[in-house]
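Participant: Sharing final15.pdb, PDB, C-alpha atoms, pLDDT in the B column:
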ATOM      1  CA  LEU K 612     -11.072 -22.978  35.610  1.00 49.00           C
ATOM      2  CA  LYS K 613     -12.994 -24.032  32.544  1.00 52.00           C
ATOM      3  CA  GLN K 614     -10.384 -22.654  30.174  1.00 56.00           C
ATOM      4  CA  VAL K 615      -7.430 -24.290  31.950  1.00 58.00           C
ATOM      5  CA  LEU K 616      -8.713 -27.835  32.582  1.00 59.00           C
ATOM      6  CA  PRO K 617      -9.592 -30.385  29.931  1.00 64.00           C
ATOM      7  CA  LYS K 618     -13.324 -30.993  29.506  1.00 65.00           C
ATOM      8  CA  SER K 619     -13.313 -34.463  31.060  1.00 61.00           C
ATOM      9  CA  VAL K 620     -11.577 -33.279  34.227  1.00 59.00           C
ATOM     10  CA  TYR K 621     -13.860 -30.257  34.468  1.00 59.00           C
ATOM     11  CA  ARG K 622     -16.973 -32.443  34.223  1.00 61.00           C
ATOM     12  CA  PHE K 623     -15.588 -34.761  36.913  1.00 60.00           C
ATOM     13  CA  LEU K 624     -14.925 -31.891  39.258  1.00 58.00           C
ATOM     14  CA  ASN K 625     -18.379 -30.421  38.761  1.00 61.00           C
ATOM     15  CA  ARG K 626     -20.060 -33.745  39.649  1.00 60.00           C
ATOM     16  CA  CYS K 627     -18.229 -33.994  42.967  1.00 54.00           C
ATOM     17  CA  HIS K 628     -19.450 -32.202  45.964  1.00 53.00           C
ATOM     18  CA  PRO K 629     -16.567 -30.385  47.662  1.00 50.00           C
ATOM     19  CA  SER K 630     -17.121 -32.146  50.971  1.00 53.00           C
ATOM     20  CA  ASP K 631     -17.416 -35.606  49.347  1.00 51.00           C
ATOM     21  CA  CYS K 632     -13.959 -36.231  48.036  1.00 54.00           C
ATOM     22  CA  LEU K 633     -10.498 -35.138  48.952  1.00 56.00           C
ATOM     23  CA  LEU K 634      -9.464 -35.043  45.289  1.00 52.00           C
ATOM     24  CA  CYS K 635     -12.204 -32.531  44.585  1.00 54.00           C
ATOM     25  CA  ASN K 636     -11.007 -30.322  47.437  1.00 53.00           C
ATOM     26  CA  MET K 637      -7.427 -30.464  46.245  1.00 57.00           C
ATOM     27  CA  ALA K 638      -8.424 -29.754  42.660  1.00 54.00           C
ATOM     28  CA  ARG K 639     -10.660 -26.841  43.588  1.00 52.00           C
ATOM     29  CA  ARG K 640      -7.824 -25.062  45.341  1.00 54.00           C
ATOM     30  CA  THR K 641      -6.612 -22.213  43.345  1.00 51.00           C
ATOM     31  CA  ARG K 642      -3.588 -23.419  41.481  1.00 55.00           C
ATOM     32  CA  SER K 643      -2.376 -19.924  40.920  1.00 66.00           C
ATOM     33  CA  SER K 644      -1.388 -19.529  44.584  1.00 79.00           C
ATOM     34  CA  VAL K 645       0.558 -22.835  44.585  1.00 79.00           C
ATOM     35  CA  LEU K 646       2.212 -22.046  41.283  1.00 80.00           C
ATOM     36  CA  SER K 647       2.988 -18.498  42.320  1.00 83.00           C
ATOM     37  CA  SER K 648       4.490 -19.673  45.626  1.00 85.00           C
ATOM     38  CA  VAL K 649       6.695 -22.206  43.783  1.00 87.00           C
ATOM     39  CA  LEU K 650       7.825 -19.554  41.331  1.00 88.00           C
ATOM     40  CA  ALA K 651       8.458 -17.118  44.178  1.00 90.00           C
ATOM     41  CA  GLY K 652      10.563 -19.764  45.951  1.00 92.00           C
ATOM     42  CA  LEU K 653      12.597 -20.386  42.788  1.00 92.00           C
ATOM     43  CA  ALA K 654      13.107 -16.668  42.304  1.00 92.00           C
ATOM     44  CA  LEU K 655      14.229 -16.380  45.925  1.00 92.00           C
ATOM     45  CA  CYS K 656      16.711 -19.246  45.441  1.00 90.00           C
ATOM     46  CA  PHE K 657      18.155 -17.682  42.283  1.00 88.00           C
ATOM     47  CA  ALA K 658      18.438 -14.294  43.974  1.00 89.00           C
ATOM     48  CA  ALA K 659      20.157 -15.813  47.009  1.00 87.00           C
ATOM     49  CA  GLN K 660      22.582 -17.702  44.788  1.00 86.00           C
ATOM     50  CA  TRP K 661      23.367 -14.575  42.791  1.00 83.00           C
ATOM     51  CA  VAL K 662      23.904 -12.446  45.899  1.00 84.00           C
ATOM     52  CA  LEU K 663      25.830 -15.026  47.931  1.00 83.00           C
ATOM     53  CA  ALA K 664      27.905 -16.500  45.106  1.00 79.00           C
ATOM     54  CA  PRO K 665      31.618 -15.675  45.319  1.00 74.00           C
ATOM     55  CA  SER K 666      33.044 -13.372  42.717  1.00 72.00           C
ATOM     56  CA  PRO K 667      35.228 -14.886  39.977  1.00 67.00           C
ATOM     57  CA  GLU K 668      38.316 -13.261  41.482  1.00 67.00           C
ATOM     58  CA  THR K 669      37.868 -15.228  44.699  1.00 68.00           C
ATOM     59  CA  PHE K 670      39.589 -18.352  43.408  1.00 68.00           C
ATOM     60  CA  ILE K 671      42.224 -16.657  41.250  1.00 71.00           C
ATOM     61  CA  GLN K 672      45.425 -15.763  43.040  1.00 71.00           C
ATOM     62  CA  PRO K 673      46.551 -12.183  42.589  1.00 69.00           C
ATOM     63  CA  ARG K 674      49.688 -11.672  40.557  1.00 73.00           C
ATOM     64  CA  ALA K 675      52.823 -11.109  42.527  1.00 71.00           C
ATOM     65  CA  PRO K 676      54.556  -7.821  41.866  1.00 70.00           C
ATOM     66  CA  LYS K 677      57.481  -8.115  39.507  1.00 67.00           C
ATOM     67  CA  SER K 678      60.720  -8.143  41.387  1.00 63.00           C
ATOM     68  CA  THR K 679      63.862  -6.452  40.228  1.00 64.00           C
ATOM     69  CA  ASP K 680      65.837  -9.418  41.449  1.00 66.00           C
ATOM     70  CA  ALA K 681      69.213 -10.011  39.822  1.00 68.00           C
ATOM     71  CA  VAL K 682      69.044 -13.804  40.166  1.00 71.00           C
ATOM     72  CA  PRO K 683      67.720 -14.473  36.629  1.00 74.00           C
ATOM     73  CA  ALA K 684      70.314 -12.135  35.160  1.00 75.00           C
ATOM     74  CA  VAL K 685      73.125 -13.882  37.023  1.00 77.00           C
ATOM     75  CA  GLY K 686      71.937 -17.254  35.750  1.00 77.00           C
ATOM     76  CA  ALA K 687      71.884 -16.029  32.156  1.00 77.00           C
ATOM     77  CA  LEU K 688      75.318 -14.481  32.587  1.00 76.00           C
ATOM     78  CA  ALA K 689      76.728 -17.753  33.934  1.00 76.00           C
ATOM     79  CA  ALA K 690      75.373 -19.622  30.921  1.00 75.00           C
ATOM     80  CA  LEU K 691      76.917 -17.122  28.531  1.00 71.00           C
ATOM     81  CA  THR K 692      80.337 -17.117  30.213  1.00 70.00           C
ATOM     82  CA  ALA K 693      80.675 -20.863  29.659  1.00 68.00           C
ATOM     83  CA  SER K 694      80.900 -20.267  25.910  1.00 64.00           C
ATOM     84  CA  LEU K 695      83.350 -17.354  26.073  1.00 63.00           C
ATOM     85  CA  PRO K 696      86.564 -19.468  25.979  1.00 62.00           C
ATOM     86  CA  ALA K 697      85.399 -21.138  22.785  1.00 59.00           C
ATOM     87  CA  GLU K 698      84.709 -17.768  21.172  1.00 60.00           C
ATOM     88  CA  ALA K 699      88.110 -16.344  22.129  1.00 58.00           C
ATOM     89  CA  TYR K 700      89.985 -19.498  21.152  1.00 65.00           C
ATOM     90  CA  SER K 701      92.235 -19.180  18.109  1.00 71.00           C
ATOM     91  CA  PHE K 702      94.856 -21.907  18.637  1.00 73.00           C
ATOM     92  CA  LYS K 703      95.415 -24.283  15.723  1.00 81.00           C
ATOM     93  CA  GLY K 704      96.065 -27.956  16.329  1.00 80.00           C
ATOM     94  CA  PRO K 705      98.811 -29.968  14.567  1.00 85.00           C
ATOM     95  CA  LEU K 706      96.309 -31.568  12.174  1.00 85.00           C
ATOM     96  CA  THR K 707      94.064 -28.539  11.593  1.00 84.00           C
ATOM     97  CA  GLY K 708      92.941 -28.357   7.961  1.00 84.00           C
ATOM     98  CA  SER K 709      94.337 -31.760   6.964  1.00 87.00           C
ATOM     99  CA  GLU K 710      92.465 -34.424   5.034  1.00 89.00           C
ATOM    100  CA  VAL K 711      92.454 -36.734   8.070  1.00 88.00           C
ATOM    101  CA  CYS K 712      90.237 -34.309   9.999  1.00 86.00           C
ATOM    102  CA  THR K 713      87.444 -34.569   7.406  1.00 87.00           C
ATOM    103  CA  GLN K 714      86.965 -38.345   7.647  1.00 86.00           C
ATOM    104  CA  LYS K 715      84.369 -38.897  10.327  1.00 87.00           C
ATOM    105  CA  PRO K 716      85.166 -42.313  11.828  1.00 87.00           C
ATOM    106  CA  LEU K 717      88.795 -41.357  12.358  1.00 87.00           C
ATOM    107  CA  PHE K 718      87.950 -37.781  13.386  1.00 86.00           C
ATOM    108  CA  TYR K 719      86.158 -39.012  16.511  1.00 83.00           C
ATOM    109  CA  ILE K 720      89.439 -40.474  17.769  1.00 83.00           C
ATOM    110  CA  ILE K 721      91.829 -37.672  16.776  1.00 85.00           C
ATOM    111  CA  ALA K 722      89.518 -34.661  17.263  1.00 85.00           C
ATOM    112  CA  PRO K 723      91.759 -32.887  19.836  1.00 83.00           C
ATOM    113  CA  ALA K 724      94.661 -32.996  17.344  1.00 85.00           C
ATOM    114  CA  CYS K 725      92.459 -31.430  14.643  1.00 86.00           C
ATOM    115  CA  ASP K 726      90.958 -28.740  16.871  1.00 83.00           C
ATOM    116  CA  PRO K 727      92.254 -28.442  20.450  1.00 80.00           C
ATOM    117  CA  ILE K 728      88.960 -26.944  21.662  1.00 78.00           C
ATOM    118  CA  PHE K 729      87.805 -30.552  21.975  1.00 80.00           C
ATOM    119  CA  LEU K 730      90.118 -30.868  24.998  1.00 79.00           C
ATOM    120  CA  VAL K 731      87.481 -28.965  26.987  1.00 77.00           C
ATOM    121  CA  SER K 732      85.042 -31.825  26.421  1.00 79.00           C
ATOM    122  CA  PRO K 733      85.144 -34.499  29.144  1.00 83.00           C
ATOM    123  CA  ILE K 734      84.751 -37.203  26.508  1.00 84.00           C
ATOM    124  CA  TYR K 735      88.205 -36.408  25.134  1.00 82.00           C
ATOM    125  CA  LEU K 736      89.850 -34.963  28.246  1.00 87.00           C
ATOM    126  CA  ALA K 737      89.160 -37.862  30.662  1.00 90.00           C
ATOM    127  CA  PRO K 738      91.115 -40.523  28.718  1.00 88.00           C
ATOM    128  CA  ILE K 739      93.977 -38.102  28.143  1.00 88.00           C
ATOM    129  CA  LEU K 740      94.168 -37.310  31.872  1.00 91.00           C
ATOM    130  CA  ILE K 741      94.003 -40.999  32.812  1.00 94.00           C
ATOM    131  CA  VAL K 742      96.893 -41.816  30.480  1.00 94.00           C
ATOM    132  CA  PHE K 743      98.886 -38.751  31.626  1.00 94.00           C
ATOM    133  CA  TRP K 744      98.513 -39.317  35.382  1.00 95.00           C
ATOM    134  CA  GLY K 745      98.780 -43.087  35.010  1.00 95.00           C
ATOM    135  CA  THR K 746     102.160 -42.647  33.302  1.00 96.00           C
ATOM    136  CA  ILE K 747     103.415 -40.233  35.960  1.00 95.00           C
ATOM    137  CA  ILE K 748     102.330 -42.512  38.831  1.00 92.00           C
ATOM    138  CA  THR K 749     103.901 -45.572  37.179  1.00 92.00           C
ATOM    139  CA  VAL K 750     107.219 -43.774  36.702  1.00 94.00           C
ATOM    140  CA  ILE K 751     107.201 -42.576  40.333  1.00 92.00           C
ATOM    141  CA  GLN K 752     106.496 -46.110  41.612  1.00 90.00           C
ATOM    142  CA  LEU K 753     109.323 -47.542  39.505  1.00 91.00           C
ATOM    143  CA  LEU K 754     111.811 -44.911  40.642  1.00 93.00           C
ATOM    144  CA  ILE K 755     110.857 -44.940  44.347  1.00 92.00           C
ATOM    145  CA  PRO K 756     110.232 -48.503  45.576  1.00 86.00           C
ATOM    146  CA  ALA K 757     108.863 -47.249  48.936  1.00 88.00           C
ATOM    147  CA  THR K 758     105.716 -45.904  47.159  1.00 84.00           C
ATOM    148  CA  GLN K 759     104.634 -49.367  46.061  1.00 79.00           C
ATOM    149  CA  PRO K 760     101.898 -51.058  48.103  1.00 77.00           C
ATOM    150  CA  ASP K 761     102.903 -53.982  50.317  1.00 68.00           C
TER     151      ASP K 761
END
Any chance you could put this one into structure tokens?

Facilitator:
Amino acid sequence: LKQVLPKSVYRFLNRCHPSDCLLCNMARRTRSSVLSSVLAGLALCFAAQWVLAPSPETFIQPRAPKSTDAVPAVGALAALTASLPAEAYSFKGPLTGSEVCTQKPLFYIIAPACDPIFLVSPIYLAPILIVFWGTIITVIQLLIPATQPD
């Protein structure tokens, strides 16, 4: 006890009679048993945590087996077939290769005449269809008066 305690505390403890003060009784207890019980409790807690802790694989979902499903292949095939008409297309438009087809502001208006593949695009096809069907419907209404609304 003399080696562990500072000199002033050791002198104070030696002056006290063990039955006189509660502090003396508490200080004279062997600290090694208290310290060893605390350390044993900590060791027990760490051991319990190590034993009872879930393994790292507990929270990771297992990988699903790879399927030999044809769905991804069908999707890729559908995307590739959309470009096949453009690859097989060899028709030349009436203005193909002319100087007019190289000037960009005008090209945006006459693109289907330069390269008819642009007719597949809805940007160019929709106005052409509106003009085409609008003309046919107008002619039918002029020729057959019964088709006109009242």

Participant: To one decimal place in Å, what is the distance between CA of Asp726 (chain K) and CA of Cys712 (chain K)?

Facilitator: 8.9 Å

Participant: When you look at Gly708 (chain K) with a cut-off of 12 Å (counting only C-alpha atoms), what residues show up, excluding the ones that are within fewer than 4 positions of it in the same chain? I need them as a VMD selection string.

Facilitator: chain K and resid 703 to 704 712 to 714 718 722 724 to 726

Participant: Kindly give the distance, in Å, that separates CA of Pro733 (chain K) and CA of Ala690 (chain K), rounded to a single decimal.

Facilitator: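 Straight-line distance from CA of Pro733 (chain K) to CA of Ala690 (chain K) works out to 17.9 Å.
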
Participant: Give me, please, the distance in Å between CA of Phe702 (chain K) and CA of Pro723 (chain K), quoted to one decimal.

Facilitator: 11.5 Å

Participant: Can you give me N, CA, C and O atoms for region 640-662 of chain K, written as a PDB file, in the frame of the given file?

Facilitator:
ATOM      1  N   ARG K 640      -8.702 -26.110  44.839  1.00 54.00           N
ATOM      2  CA  ARG K 640      -7.824 -25.062  45.341  1.00 54.00           C
ATOM      3  C   ARG K 640      -7.351 -24.226  44.164  1.00 54.00           C
ATOM      4  O   ARG K 640      -7.202 -24.720  43.052  1.00 54.00           O
ATOM      5  N   THR K 641      -7.091 -23.058  44.435  1.00 51.00           N
ATOM      6  CA  THR K 641      -6.612 -22.213  43.345  1.00 51.00           C
ATOM      7  C   THR K 641      -5.160 -22.556  43.062  1.00 51.00           C
ATOM      8  O   THR K 641      -4.298 -22.461  43.928  1.00 51.00           O
ATOM      9  N   ARG K 642      -4.945 -23.016  41.850  1.00 55.00           N
ATOM     10  CA  ARG K 642      -3.588 -23.419  41.481  1.00 55.00           C
ATOM     11  C   ARG K 642      -2.689 -22.212  41.307  1.00 55.00           C
ATOM     12  O   ARG K 642      -1.486 -22.320  41.337  1.00 55.00           O
ATOM     13  N   SER K 643      -3.208 -21.110  41.118  1.00 66.00           N
ATOM     14  CA  SER K 643      -2.376 -19.924  40.920  1.00 66.00           C
ATOM     15  C   SER K 643      -1.581 -19.600  42.184  1.00 66.00           C
ATOM     16  O   SER K 643      -0.450 -19.152  42.091  1.00 66.00           O
ATOM     17  N   SER K 644      -2.135 -19.819  43.361  1.00 79.00           N
ATOM     18  CA  SER K 644      -1.388 -19.529  44.584  1.00 79.00           C
ATOM     19  C   SER K 644      -0.265 -20.544  44.781  1.00 79.00           C
ATOM     20  O   SER K 644       0.823 -20.184  45.238  1.00 79.00           O
ATOM     21  N   VAL K 645      -0.493 -21.815  44.458  1.00 79.00           N
ATOM     22  CA  VAL K 645       0.558 -22.835  44.585  1.00 79.00           C
ATOM     23  C   VAL K 645       1.659 -22.569  43.565  1.00 79.00           C
ATOM     24  O   VAL K 645       2.853 -22.586  43.888  1.00 79.00           O
ATOM     25  N   LEU K 646       1.243 -22.311  42.337  1.00 80.00           N
ATOM     26  CA  LEU K 646       2.212 -22.046  41.283  1.00 80.00           C
ATOM     27  C   LEU K 646       2.992 -20.771  41.573  1.00 80.00           C
ATOM     28  O   LEU K 646       4.214 -20.723  41.393  1.00 80.00           O
ATOM     29  N   SER K 647       2.295 -19.752  42.033  1.00 83.00           N
ATOM     30  CA  SER K 647       2.988 -18.498  42.320  1.00 83.00           C
ATOM     31  C   SER K 647       3.931 -18.656  43.506  1.00 83.00           C
ATOM     32  O   SER K 647       5.017 -18.064  43.524  1.00 83.00           O
ATOM     33  N   SER K 648       3.579 -19.460  44.494  1.00 85.00           N
ATOM     34  CA  SER K 648       4.490 -19.673  45.626  1.00 85.00           C
ATOM     35  C   SER K 648       5.724 -20.475  45.196  1.00 85.00           C
ATOM     36  O   SER K 648       6.829 -20.217  45.673  1.00 85.00           O
ATOM     37  N   VAL K 649       5.536 -21.448  44.301  1.00 87.00           N
ATOM     38  CA  VAL K 649       6.695 -22.206  43.783  1.00 87.00           C
ATOM     39  C   VAL K 649       7.604 -21.290  42.984  1.00 87.00           C
ATOM     40  O   VAL K 649       8.835 -21.319  43.129  1.00 87.00           O
ATOM     41  N   LEU K 650       7.015 -20.476  42.121  1.00 88.00           N
ATOM     42  CA  LEU K 650       7.825 -19.554  41.331  1.00 88.00           C
ATOM     43  C   LEU K 650       8.516 -18.519  42.209  1.00 88.00           C
ATOM     44  O   LEU K 650       9.668 -18.143  41.953  1.00 88.00           O
ATOM     45  N   ALA K 651       7.838 -18.064  43.249  1.00 90.00           N
ATOM     46  CA  ALA K 651       8.458 -17.118  44.178  1.00 90.00           C
ATOM     47  C   ALA K 651       9.626 -17.771  44.912  1.00 90.00           C
ATOM     48  O   ALA K 651      10.670 -17.149  45.136  1.00 90.00           O
ATOM     49  N   GLY K 652       9.468 -19.038  45.291  1.00 92.00           N
ATOM     50  CA  GLY K 652      10.563 -19.764  45.951  1.00 92.00           C
ATOM     51  C   GLY K 652      11.759 -19.930  45.033  1.00 92.00           C
ATOM     52  O   GLY K 652      12.909 -19.775  45.448  1.00 92.00           O
ATOM     53  N   LEU K 653      11.507 -20.259  43.759  1.00 92.00           N
ATOM     54  CA  LEU K 653      12.597 -20.386  42.788  1.00 92.00           C
ATOM     55  C   LEU K 653      13.299 -19.050  42.570  1.00 92.00           C
ATOM     56  O   LEU K 653      14.529 -18.988  42.502  1.00 92.00           O
ATOM     57  N   ALA K 654      12.511 -17.992  42.474  1.00 92.00           N
ATOM     58  CA  ALA K 654      13.107 -16.668  42.304  1.00 92.00           C
ATOM     59  C   ALA K 654      13.953 -16.297  43.513  1.00 92.00           C
ATOM     60  O   ALA K 654      15.041 -15.712  43.383  1.00 92.00           O
ATOM     61  N   LEU K 655      13.476 -16.647  44.709  1.00 92.00           N
ATOM     62  CA  LEU K 655      14.229 -16.380  45.925  1.00 92.00           C
ATOM     63  C   LEU K 655      15.543 -17.165  45.940  1.00 92.00           C
ATOM     64  O   LEU K 655      16.596 -16.639  46.322  1.00 92.00           O
ATOM     65  N   CYS K 656      15.487 -18.424  45.496  1.00 90.00           N
ATOM     66  CA  CYS K 656      16.711 -19.246  45.441  1.00 90.00           C
ATOM     67  C   CYS K 656      17.720 -18.662  44.461  1.00 90.00           C
ATOM     68  O   CYS K 656      18.920 -18.582  44.744  1.00 90.00           O
ATOM     69  N   PHE K 657      17.255 -18.263  43.274  1.00 88.00           N
ATOM     70  CA  PHE K 657      18.155 -17.682  42.283  1.00 88.00           C
ATOM     71  C   PHE K 657      18.745 -16.367  42.785  1.00 88.00           C
ATOM     72  O   PHE K 657      19.933 -16.098  42.593  1.00 88.00           O
ATOM     73  N   ALA K 658      17.935 -15.557  43.437  1.00 89.00           N
ATOM     74  CA  ALA K 658      18.438 -14.294  43.974  1.00 89.00           C
ATOM     75  C   ALA K 658      19.462 -14.539  45.069  1.00 89.00           C
ATOM     76  O   ALA K 658      20.505 -13.868  45.127  1.00 89.00           O
ATOM     77  N   ALA K 659      19.204 -15.501  45.940  1.00 87.00           N
ATOM     78  CA  ALA K 659      20.157 -15.813  47.009  1.00 87.00           C
ATOM     79  C   ALA K 659      21.465 -16.345  46.434  1.00 87.00           C
ATOM     80  O   ALA K 659      22.555 -15.999  46.903  1.00 87.00           O
ATOM     81  N   GLN K 660      21.375 -17.166  45.406  1.00 86.00           N
ATOM     82  CA  GLN K 660      22.582 -17.702  44.788  1.00 86.00           C
ATOM     83  C   GLN K 660      23.371 -16.589  44.118  1.00 86.00           C
ATOM     84  O   GLN K 660      24.594 -16.557  44.183  1.00 86.00           O
ATOM     85  N   TRP K 661      22.691 -15.668  43.471  1.00 83.00           N
ATOM     86  CA  TRP K 661      23.367 -14.575  42.791  1.00 83.00           C
ATOM     87  C   TRP K 661      24.039 -13.636  43.794  1.00 83.00           C
ATOM     88  O   TRP K 661      25.142 -13.175  43.585  1.00 83.00           O
ATOM     89  N   VAL K 662      23.365 -13.368  44.900  1.00 84.00           N
ATOM     90  CA  VAL K 662      23.904 -12.446  45.899  1.00 84.00           C
ATOM     91  C   VAL K 662      25.031 -13.098  46.694  1.00 84.00           C
ATOM     92  O   VAL K 662      26.060 -12.479  46.967  1.00 84.00           O
TER      93      VAL K 662
END
